[in-house]
Amino acid sequence: MRWTLKPKPEATQVGFMKEALQVDDIVAMLLLQRGIDNYDDAKTFFRPSFEDLHDPFLMKDMDKAVARIEKAMAKGENILVYGDYDVDGTSSVALLSSYLKTRIHTVATYIPDRYDEGYGISYKGIDFAHDNDFSLIVTLDCGVKALDKVAYANQKGIDFIICDHHRPGDKLPDAVAVLDPKRTDCEYPFKELCGCGVGFKLISALAYNQGQSPEDLVEYLDLVATAIGADIVPIVGENRALAYMGLQVINTNPRPGMKAIIAEVKKDELTITDVVFIIAPRINAAGRMKHGNHAVTLLTETDFNLAVEYAVDIDQFNTDRRETDKRITEEALLQIEENNEQEGFTTVVYKDSWHKGVIGIVASRLIETYYRPTLVFTKSGDKLAASARSVSGFDVYNALEACSEHIEQFGGHKYAAGLTLLPENYEAFKTKFESVVKETIDPKLLTPELKVDLEIELNDINSKLLRIIRQFAQFGPGNMTPVFMSQNIKDTGYGKCVGEDDKHIRFTATQSFSDKIVCIGFGLGDKIDLIKNRRPFSIAYSIDENHWNGNVSLQLKVKDIKE
């Protein structure tokens, strides 16, 4: 790994923050690195609230969307709430449909089948709406590039309202309203909402017309926080406030479906990290292994006993998903070795029998081994479908755009995208993708980067510092857990490998005349020789606690070790 030490804030700024907040140098510098340079910003950072949310009507077309939905409700029109099959999509559908059903009964939901219909709006979904007399479709987490589909719906007399957060194309669909903060003509102050976040802004606007405020919608924030965590959007600004308040709902009064998922989790308080690794994979597994409808059913269920039954099914989907992605990852790694494709600037693999629902996970797993932009293809009907994942700092969406002559359809983000192409174009695409990445990527991006906030001494570490750092949560993109580095560290002589196959390392660190502190490095067992014989070394780490036999002590979670 290459360690990148973030720039140190200016001494005058640090002094100002120390005085304003009555904190020490380390805390002041961590805040400044996060763009917090005054008391008011710090108050917002540490105590997010509804006051931090922007007026939903600042979003382009919000007035049109609200007017059309109000008209549909007044006339008793049938409204179809349509969303993608991942966590963001299914959470969004659960959110909007639940809200609308508190006001009208002519609401239904639709999640496209991942295998039969693919990502986003489908002709089959529009036909379903037409056959069942739906005159309005509201999409969430998809649709901003669906020009042909919306035109098809218009021919059938069906109106569209699109709520999306993906990057639009050069032209927008001919919909009644297109809510997307990434529209170039949208002046909404915060651009990084997830799909469920856009959905929350929509119900906030609808509630405003009823004399309500966002505080009256707090029960929906468990869904928003889950989508924020699952979709890996920056946890800054409005997302931070929504995640912070949504976690409070998850930990105090979650909806029955959420409560059923976390019932077996032996933790007093869940964090956004727990949402990412415990709640989100289970919700996602429905769309990956069976159908996204299962997730919506669970998330909208009001009877806890029924929710528990649905959660059991969801948990089984997740177990099946884990087994499937493990097997496919092993097959993909073997394919890379057999084809002697370990070198190069990209990883592109394909097998027609691979499960479409897990190829995105497999792509992420391959990046753990071969750190470069990665695509995993499988057969989908008469076409090939792929999930793309990228390395930090490289925009895979732009790379795919440069290969568009070989692609049927694509969409996504800087670091994750999906695409389809014809089988006969696979080899040409693979060659072009390698060429584009080779020409545009900075070679250093092919080595994993470890961003280090500050260099500190072991004597700087104490329980008070950890207590304040924990108030920086919720952690995620844009506000990662602080990482520190310390040099001239020595092991007391008892460091050893631990865990299955000696994968991990455990040692006790000292530095000059500092107190001893226990360190654990997961996946760093191969670094054992660096700490032997009392040789000095450097560590990059986060500060944590170790709970053992009722005792609590400070511990460093080591991320890397260097000579």
# chains A, B, ... in the order shown; residues from 1 in each chain; ligands from 1
>>> residues_around(residues="Ser553 of chain A", least_positions_apart="6", cutoff="9 Å", atoms="only C-alpha atoms", output="list in words")
Ser463, Ile517, Val518, Asp544, Glu545, Asn546 and His547 of chain A
>>> closest_atom_pairs(of="segment 164-238 of chain A", to="segment 472-491 of chain A", cutoff="8 Å", atoms="only C-alpha atoms", output="CSV")
residue,atom,partner,partner_atom,distance
A:Gly229,CA,A:Gly476,CA,7.8
A:Ile232,CA,A:Pro477,CA,6.8
A:Val233,CA,A:Pro477,CA,6.5
A:Pro234,CA,A:Pro477,CA,4.4
A:Ile235,CA,A:Gly476,CA,5.5
A:Val236,CA,A:Gly478,CA,6.1
>>> closest_residue(among="A:Ala207, A:Leu172, A:Leu53, A:Val150", to="Pro189 of chain A", atoms="only C-alpha atoms")
A:Leu53
>>> select_by_dssp(residues="segment 299-460 of chain A", states="strand (DSSP E or B)", output="PyMOL selection string")
chain A and resi 347-350+374-380+383-389+409-412+416-421+449-452+454-455
>>> atom_distance(atom1="atom CA of Gly411 of chain A", atom2="atom CA of Thr440 of chain A")
19.7 Å
>>> select_by_dssp(residues="segment 76-298 of chain A", states="alpha helix (DSSP H)", output="PyMOL selection string")
chain A and resi 87-101+123-131+147-155+195-208+221-230+237-252+256-262+272-274+280-285+293-298
>>> write_last_selection(atoms="C-alpha atoms", output="short mmCIF file (atom, residue, chain, number, x, y, z; two decimals), in the first residue's frame")
data_model
loop_
_atom_site.label_atom_id
_atom_site.label_comp_id
_atom_site.auth_asym_id
_atom_site.auth_seq_id
_atom_site.Cartn_x
_atom_site.Cartn_y
_atom_site.Cartn_z
CA VAL A 87 -31.05 -1.72 -1.41
CA ASP A 88 -31.38 1.89 -2.52
CA GLY A 89 -34.17 1.04 -4.96
CA THR A 90 -36.20 -1.25 -2.71
CA SER A 91 -35.80 1.09 0.30
CA SER A 92 -36.98 3.98 -1.88
CA VAL A 93 -40.04 2.06 -3.07
CA ALA A 94 -40.87 1.06 0.51
CA LEU A 95 -40.52 4.70 1.61
CA LEU A 96 -42.67 6.36 -1.06
CA SER A 97 -45.34 3.66 -1.25
CA SER A 98 -45.69 3.58 2.56
CA TYR A 99 -46.12 7.34 2.65
CA LEU A 100 -48.61 7.49 -0.22
CA LYS A 101 -50.69 4.72 1.33
CA TYR A 123 -40.98 -2.19 -21.29
CA LYS A 124 -42.50 -5.08 -19.34
CA GLY A 125 -43.04 -2.81 -16.36
CA ILE A 126 -44.72 -0.17 -18.51
CA ASP A 127 -46.95 -2.84 -20.09
CA PHE A 128 -47.87 -4.01 -16.58
CA ALA A 129 -48.86 -0.45 -15.69
CA HIS A 130 -50.92 -0.08 -18.87
CA ASP A 131 -52.70 -3.43 -18.44
CA LEU A 147 -35.59 8.21 -22.93
CA ASP A 148 -37.06 5.44 -25.09
CA LYS A 149 -38.98 3.82 -22.22
CA VAL A 150 -40.59 7.08 -21.14
CA ALA A 151 -41.50 7.87 -24.76
CA TYR A 152 -43.11 4.41 -24.98
CA ALA A 153 -45.12 5.12 -21.81
CA ASN A 154 -46.23 8.49 -23.17
CA GLN A 155 -47.66 6.72 -26.22
CA GLY A 195 -32.11 7.47 -4.57
CA CYS A 196 -33.92 7.04 -1.26
CA GLY A 197 -32.68 10.50 -0.25
CA VAL A 198 -34.36 11.97 -3.34
CA GLY A 199 -37.48 10.00 -2.42
CA PHE A 200 -37.39 11.50 1.07
CA LYS A 201 -37.19 14.99 -0.42
CA LEU A 202 -40.28 14.16 -2.49
CA ILE A 203 -42.35 13.03 0.49
CA SER A 204 -41.05 16.05 2.43
CA ALA A 205 -42.44 18.30 -0.30
CA LEU A 206 -45.75 16.41 -0.36
CA ALA A 207 -45.95 16.65 3.45
CA TYR A 208 -45.20 20.38 3.34
CA LEU A 221 -35.46 7.70 8.14
CA ASP A 222 -34.44 4.12 8.98
CA LEU A 223 -34.92 3.39 5.27
CA VAL A 224 -32.96 6.48 4.23
CA ALA A 225 -30.02 5.68 6.52
CA THR A 226 -29.92 2.11 5.22
CA ALA A 227 -29.83 3.30 1.61
CA ILE A 228 -27.14 5.88 2.37
CA GLY A 229 -24.92 3.20 3.89
CA ALA A 230 -25.59 0.61 1.21
CA GLY A 237 -23.76 17.51 4.47
CA GLU A 238 -27.36 16.44 4.16
CA ASN A 239 -26.45 12.74 3.96
CA ARG A 240 -24.69 13.01 7.31
CA ALA A 241 -27.77 14.52 8.95
CA LEU A 242 -30.09 11.92 7.40
CA ALA A 243 -27.78 9.04 8.34
CA TYR A 244 -27.33 10.36 11.89
CA MET A 245 -31.06 10.72 12.51
CA GLY A 246 -31.88 7.50 10.64
CA LEU A 247 -29.51 5.54 12.87
CA GLN A 248 -31.37 6.88 15.88
CA VAL A 249 -34.58 5.42 14.44
CA ILE A 250 -32.90 2.08 13.69
CA ASN A 251 -31.61 1.89 17.26
CA THR A 252 -34.78 3.06 19.03
CA PRO A 256 -41.01 -4.15 11.93
CA GLY A 257 -39.08 -5.43 8.91
CA MET A 258 -35.88 -3.73 10.01
CA LYS A 259 -36.41 -4.90 13.57
CA ALA A 260 -36.80 -8.47 12.34
CA ILE A 261 -33.49 -8.30 10.45
CA ILE A 262 -31.51 -6.97 13.40
CA ILE A 272 -23.66 2.86 9.69
CA THR A 273 -20.93 0.22 9.29
CA ASP A 274 -23.30 -2.36 10.80
CA ALA A 280 -27.87 -4.08 3.56
CA PRO A 281 -26.56 -7.50 2.38
CA ARG A 282 -29.76 -9.18 3.51
CA ILE A 283 -32.01 -6.66 1.77
CA ASN A 284 -29.81 -6.85 -1.33
CA ALA A 285 -29.87 -10.65 -1.33
CA ASN A 293 -40.27 -7.75 -4.22
CA HIS A 294 -39.31 -9.82 -1.18
CA ALA A 295 -37.32 -6.87 0.19
CA VAL A 296 -40.17 -4.40 -0.37
CA THR A 297 -42.64 -6.80 1.28
CA LEU A 298 -40.39 -7.08 4.33
#
>>> residues_around(residues="Ser353 of chain A", least_positions_apart="2", cutoff="12 Å", atoms="only C-alpha atoms", output="MDAnalysis selection string")
chainID A and resid 324 327:328 331:332 350:351 355:359 376:381 384:385
>>> closest_residue(among="A:Leu445, A:Ile69, A:Ala11, A:Leu136", to="Lys156 of chain A", atoms="only C-alpha atoms")
A:Leu136
>>> residues_around(residues="Gly495 of chain A", least_positions_apart="3", cutoff="10 Å", atoms="only C-alpha atoms", output="number ranges by chain")
A: 491-492, 498, 505-509, 518-520, 528-529, 531-532
>>> write_last_selection(atoms="N, CA and C atoms", output="PDB file, in the first residue's frame")
ATOM      1  N   ASP A 491       8.255  -3.645  18.785  1.00  0.00           N
ATOM      2  CA  ASP A 491       7.467  -4.669  19.477  1.00  0.00           C
ATOM      3  C   ASP A 491       8.186  -5.041  20.763  1.00  0.00           C
ATOM      4  N   THR A 492       7.422  -5.352  21.796  1.00  0.00           N
ATOM      5  CA  THR A 492       8.043  -5.724  23.074  1.00  0.00           C
ATOM      6  C   THR A 492       8.717  -7.086  23.016  1.00  0.00           C
ATOM      7  N   VAL A 498      -1.733 -14.740  14.535  1.00  0.00           N
ATOM      8  CA  VAL A 498      -2.899 -15.353  15.180  1.00  0.00           C
ATOM      9  C   VAL A 498      -3.968 -15.610  14.131  1.00  0.00           C
ATOM     10  N   ILE A 505      -1.977 -10.516  12.770  1.00  0.00           N
ATOM     11  CA  ILE A 505      -0.798 -10.271  13.602  1.00  0.00           C
ATOM     12  C   ILE A 505      -1.228  -9.527  14.855  1.00  0.00           C
ATOM     13  N   ARG A 506      -0.600  -9.882  15.966  1.00  0.00           N
ATOM     14  CA  ARG A 506      -0.888  -9.236  17.241  1.00  0.00           C
ATOM     15  C   ARG A 506       0.433  -8.943  17.942  1.00  0.00           C
ATOM     16  N   PHE A 507       0.597  -7.717  18.396  1.00  0.00           N
ATOM     17  CA  PHE A 507       1.840  -7.355  19.088  1.00  0.00           C
ATOM     18  C   PHE A 507       1.566  -6.199  20.042  1.00  0.00           C
ATOM     19  N   THR A 508       2.537  -5.940  20.905  1.00  0.00           N
ATOM     20  CA  THR A 508       2.452  -4.818  21.833  1.00  0.00           C
ATOM     21  C   THR A 508       3.500  -3.801  21.445  1.00  0.00           C
ATOM     22  N   ALA A 509       3.052  -2.576  21.166  1.00  0.00           N
ATOM     23  CA  ALA A 509       3.933  -1.541  20.633  1.00  0.00           C
ATOM     24  C   ALA A 509       4.428  -0.603  21.723  1.00  0.00           C
ATOM     25  N   VAL A 518      -1.522  -2.440  22.931  1.00  0.00           N
ATOM     26  CA  VAL A 518      -1.735  -3.652  22.141  1.00  0.00           C
ATOM     27  C   VAL A 518      -2.202  -3.281  20.731  1.00  0.00           C
ATOM     28  N   CYS A 519      -1.687  -3.994  19.727  1.00  0.00           N
ATOM     29  CA  CYS A 519      -2.040  -3.758  18.329  1.00  0.00           C
ATOM     30  C   CYS A 519      -2.528  -5.055  17.698  1.00  0.00           C
ATOM     31  N   ILE A 520      -3.550  -4.949  16.866  1.00  0.00           N
ATOM     32  CA  ILE A 520      -4.040  -6.097  16.102  1.00  0.00           C
ATOM     33  C   ILE A 520      -4.097  -5.688  14.637  1.00  0.00           C
ATOM     34  N   ILE A 528       4.951 -10.232   9.695  1.00  0.00           N
ATOM     35  CA  ILE A 528       5.537 -10.604  10.978  1.00  0.00           C
ATOM     36  C   ILE A 528       7.038 -10.357  11.034  1.00  0.00           C
ATOM     37  N   ASP A 529       7.736 -10.574   9.917  1.00  0.00           N
ATOM     38  CA  ASP A 529       9.194 -10.405   9.932  1.00  0.00           C
ATOM     39  C   ASP A 529       9.608  -8.952  10.154  1.00  0.00           C
ATOM     40  N   ILE A 531       8.512  -6.906  12.304  1.00  0.00           N
ATOM     41  CA  ILE A 531       8.482  -6.462  13.702  1.00  0.00           C
ATOM     42  C   ILE A 531       9.428  -7.269  14.598  1.00  0.00           C
ATOM     43  N   LYS A 532      10.120  -8.244  14.029  1.00  0.00           N
ATOM     44  CA  LYS A 532      10.970  -9.119  14.839  1.00  0.00           C
ATOM     45  C   LYS A 532      12.278  -8.438  15.240  1.00  0.00           C
TER      46      LYS A 532
END
>>> closest_residue(among="A:Gly15, A:Pro448, A:Gly525, A:Gly418", to="Tyr370 of chain A", atoms="only C-alpha atoms")
A:Pro448
>>> closest_residue(among="A:Val81, A:Met1, A:Ile314, A:Ile561", to="Pro112 of chain A", atoms="only C-alpha atoms")
A:Val81
>>> decode(residues="segment 245-350 of chain A", atoms="C-alpha atoms", output="PDB file, in the first residue's frame")
ATOM      1  CA  MET A 245     -31.060  10.720  12.509  1.00  0.00           C
ATOM      2  CA  GLY A 246     -31.879   7.504  10.639  1.00  0.00           C
ATOM      3  CA  LEU A 247     -29.506   5.537  12.870  1.00  0.00           C
ATOM      4  CA  GLN A 248     -31.370   6.880  15.875  1.00  0.00           C
ATOM      5  CA  VAL A 249     -34.576   5.422  14.435  1.00  0.00           C
ATOM      6  CA  ILE A 250     -32.901   2.083  13.693  1.00  0.00           C
ATOM      7  CA  ASN A 251     -31.608   1.891  17.263  1.00  0.00           C
ATOM      8  CA  THR A 252     -34.776   3.057  19.033  1.00  0.00           C
ATOM      9  CA  ASN A 253     -37.880   2.433  16.939  1.00  0.00           C
ATOM     10  CA  PRO A 254     -37.203   0.662  13.621  1.00  0.00           C
ATOM     11  CA  ARG A 255     -40.001  -0.498  11.361  1.00  0.00           C
ATOM     12  CA  PRO A 256     -41.008  -4.155  11.934  1.00  0.00           C
ATOM     13  CA  GLY A 257     -39.078  -5.427   8.908  1.00  0.00           C
ATOM     14  CA  MET A 258     -35.884  -3.728  10.008  1.00  0.00           C
ATOM     15  CA  LYS A 259     -36.413  -4.900  13.573  1.00  0.00           C
ATOM     16  CA  ALA A 260     -36.797  -8.475  12.339  1.00  0.00           C
ATOM     17  CA  ILE A 261     -33.489  -8.296  10.452  1.00  0.00           C
ATOM     18  CA  ILE A 262     -31.505  -6.967  13.404  1.00  0.00           C
ATOM     19  CA  ALA A 263     -33.228  -9.109  16.049  1.00  0.00           C
ATOM     20  CA  GLU A 264     -30.352 -11.605  16.071  1.00  0.00           C
ATOM     21  CA  VAL A 265     -27.603  -8.966  16.165  1.00  0.00           C
ATOM     22  CA  LYS A 266     -25.965  -8.932  19.570  1.00  0.00           C
ATOM     23  CA  LYS A 267     -25.138  -5.230  19.668  1.00  0.00           C
ATOM     24  CA  ASP A 268     -26.495  -2.499  21.874  1.00  0.00           C
ATOM     25  CA  GLU A 269     -26.217   0.160  19.172  1.00  0.00           C
ATOM     26  CA  LEU A 270     -25.802  -0.232  15.430  1.00  0.00           C
ATOM     27  CA  THR A 271     -23.562   2.074  13.395  1.00  0.00           C
ATOM     28  CA  ILE A 272     -23.660   2.859   9.690  1.00  0.00           C
ATOM     29  CA  THR A 273     -20.934   0.218   9.294  1.00  0.00           C
ATOM     30  CA  ASP A 274     -23.295  -2.359  10.799  1.00  0.00           C
ATOM     31  CA  VAL A 275     -25.958  -1.232   8.337  1.00  0.00           C
ATOM     32  CA  VAL A 276     -23.507  -1.809   5.466  1.00  0.00           C
ATOM     33  CA  PHE A 277     -22.433  -5.265   6.627  1.00  0.00           C
ATOM     34  CA  ILE A 278     -25.523  -6.626   8.415  1.00  0.00           C
ATOM     35  CA  ILE A 279     -28.742  -5.029   7.155  1.00  0.00           C
ATOM     36  CA  ALA A 280     -27.870  -4.083   3.563  1.00  0.00           C
ATOM     37  CA  PRO A 281     -26.556  -7.496   2.377  1.00  0.00           C
ATOM     38  CA  ARG A 282     -29.763  -9.176   3.507  1.00  0.00           C
ATOM     39  CA  ILE A 283     -32.015  -6.660   1.768  1.00  0.00           C
ATOM     40  CA  ASN A 284     -29.812  -6.849  -1.326  1.00  0.00           C
ATOM     41  CA  ALA A 285     -29.875 -10.651  -1.333  1.00  0.00           C
ATOM     42  CA  ALA A 286     -33.565 -10.707  -2.246  1.00  0.00           C
ATOM     43  CA  GLY A 287     -32.973  -8.984  -5.593  1.00  0.00           C
ATOM     44  CA  ARG A 288     -29.741 -10.900  -6.177  1.00  0.00           C
ATOM     45  CA  MET A 289     -30.999 -14.415  -5.523  1.00  0.00           C
ATOM     46  CA  LYS A 290     -34.797 -14.284  -5.906  1.00  0.00           C
ATOM     47  CA  HIS A 291     -36.704 -11.046  -6.492  1.00  0.00           C
ATOM     48  CA  GLY A 292     -36.556  -7.522  -5.061  1.00  0.00           C
ATOM     49  CA  ASN A 293     -40.272  -7.753  -4.221  1.00  0.00           C
ATOM     50  CA  HIS A 294     -39.314  -9.817  -1.177  1.00  0.00           C
ATOM     51  CA  ALA A 295     -37.323  -6.873   0.191  1.00  0.00           C
ATOM     52  CA  VAL A 296     -40.172  -4.403  -0.374  1.00  0.00           C
ATOM     53  CA  THR A 297     -42.643  -6.800   1.281  1.00  0.00           C
ATOM     54  CA  LEU A 298     -40.386  -7.083   4.329  1.00  0.00           C
ATOM     55  CA  LEU A 299     -39.713  -3.342   4.590  1.00  0.00           C
ATOM     56  CA  THR A 300     -43.390  -2.391   4.313  1.00  0.00           C
ATOM     57  CA  GLU A 301     -44.810  -5.065   6.609  1.00  0.00           C
ATOM     58  CA  THR A 302     -46.477  -3.649   9.744  1.00  0.00           C
ATOM     59  CA  ASP A 303     -46.987  -6.965  11.584  1.00  0.00           C
ATOM     60  CA  PHE A 304     -43.773  -7.924  13.398  1.00  0.00           C
ATOM     61  CA  ASN A 305     -44.557 -11.656  13.478  1.00  0.00           C
ATOM     62  CA  LEU A 306     -45.069 -11.710   9.717  1.00  0.00           C
ATOM     63  CA  ALA A 307     -41.923  -9.618   9.283  1.00  0.00           C
ATOM     64  CA  VAL A 308     -39.949 -12.248  11.210  1.00  0.00           C
ATOM     65  CA  GLU A 309     -41.149 -14.919   8.773  1.00  0.00           C
ATOM     66  CA  TYR A 310     -40.120 -12.794   5.795  1.00  0.00           C
ATOM     67  CA  ALA A 311     -36.757 -12.059   7.434  1.00  0.00           C
ATOM     68  CA  VAL A 312     -36.041 -15.789   7.702  1.00  0.00           C
ATOM     69  CA  ASP A 313     -36.482 -16.108   3.934  1.00  0.00           C
ATOM     70  CA  ILE A 314     -34.296 -13.047   3.343  1.00  0.00           C
ATOM     71  CA  ASP A 315     -31.587 -14.500   5.579  1.00  0.00           C
ATOM     72  CA  GLN A 316     -31.602 -17.719   3.553  1.00  0.00           C
ATOM     73  CA  PHE A 317     -31.230 -15.706   0.342  1.00  0.00           C
ATOM     74  CA  ASN A 318     -28.191 -14.068   1.918  1.00  0.00           C
ATOM     75  CA  THR A 319     -26.670 -17.416   2.873  1.00  0.00           C
ATOM     76  CA  ASP A 320     -27.146 -18.638  -0.692  1.00  0.00           C
ATOM     77  CA  ARG A 321     -25.606 -15.403  -1.978  1.00  0.00           C
ATOM     78  CA  ARG A 322     -22.475 -15.844   0.153  1.00  0.00           C
ATOM     79  CA  GLU A 323     -21.934 -19.392  -1.068  1.00  0.00           C
ATOM     80  CA  THR A 324     -22.490 -18.392  -4.693  1.00  0.00           C
ATOM     81  CA  ASP A 325     -20.188 -15.378  -4.730  1.00  0.00           C
ATOM     82  CA  LYS A 326     -17.426 -17.371  -3.003  1.00  0.00           C
ATOM     83  CA  ARG A 327     -17.592 -20.101  -5.663  1.00  0.00           C
ATOM     84  CA  ILE A 328     -17.685 -17.652  -8.582  1.00  0.00           C
ATOM     85  CA  THR A 329     -14.801 -15.623  -7.161  1.00  0.00           C
ATOM     86  CA  GLU A 330     -12.691 -18.772  -7.004  1.00  0.00           C
ATOM     87  CA  GLU A 331     -13.605 -19.610 -10.608  1.00  0.00           C
ATOM     88  CA  ALA A 332     -12.807 -16.068 -11.771  1.00  0.00           C
ATOM     89  CA  LEU A 333      -9.405 -16.061 -10.058  1.00  0.00           C
ATOM     90  CA  LEU A 334      -8.623 -19.423 -11.673  1.00  0.00           C
ATOM     91  CA  GLN A 335      -9.661 -18.048 -15.080  1.00  0.00           C
ATOM     92  CA  ILE A 336      -7.276 -15.107 -14.665  1.00  0.00           C
ATOM     93  CA  GLU A 337      -4.418 -17.452 -13.776  1.00  0.00           C
ATOM     94  CA  GLU A 338      -5.143 -19.954 -16.560  1.00  0.00           C
ATOM     95  CA  ASN A 339      -5.339 -17.172 -19.173  1.00  0.00           C
ATOM     96  CA  ASN A 340      -2.189 -15.618 -17.743  1.00  0.00           C
ATOM     97  CA  GLU A 341      -3.949 -12.254 -17.350  1.00  0.00           C
ATOM     98  CA  GLN A 342      -2.436 -11.155 -14.048  1.00  0.00           C
ATOM     99  CA  GLU A 343      -0.683  -8.225 -15.713  1.00  0.00           C
ATOM    100  CA  GLY A 344      -2.288  -5.343 -17.571  1.00  0.00           C
ATOM    101  CA  PHE A 345      -4.323  -2.395 -16.418  1.00  0.00           C
ATOM    102  CA  THR A 346      -7.756  -4.069 -16.165  1.00  0.00           C
ATOM    103  CA  THR A 347      -9.435  -7.294 -15.145  1.00  0.00           C
ATOM    104  CA  VAL A 348     -12.223  -8.516 -17.441  1.00  0.00           C
ATOM    105  CA  VAL A 349     -13.632 -12.027 -16.969  1.00  0.00           C
ATOM    106  CA  TYR A 350     -16.644 -13.875 -18.355  1.00  0.00           C
TER     107      TYR A 350
END
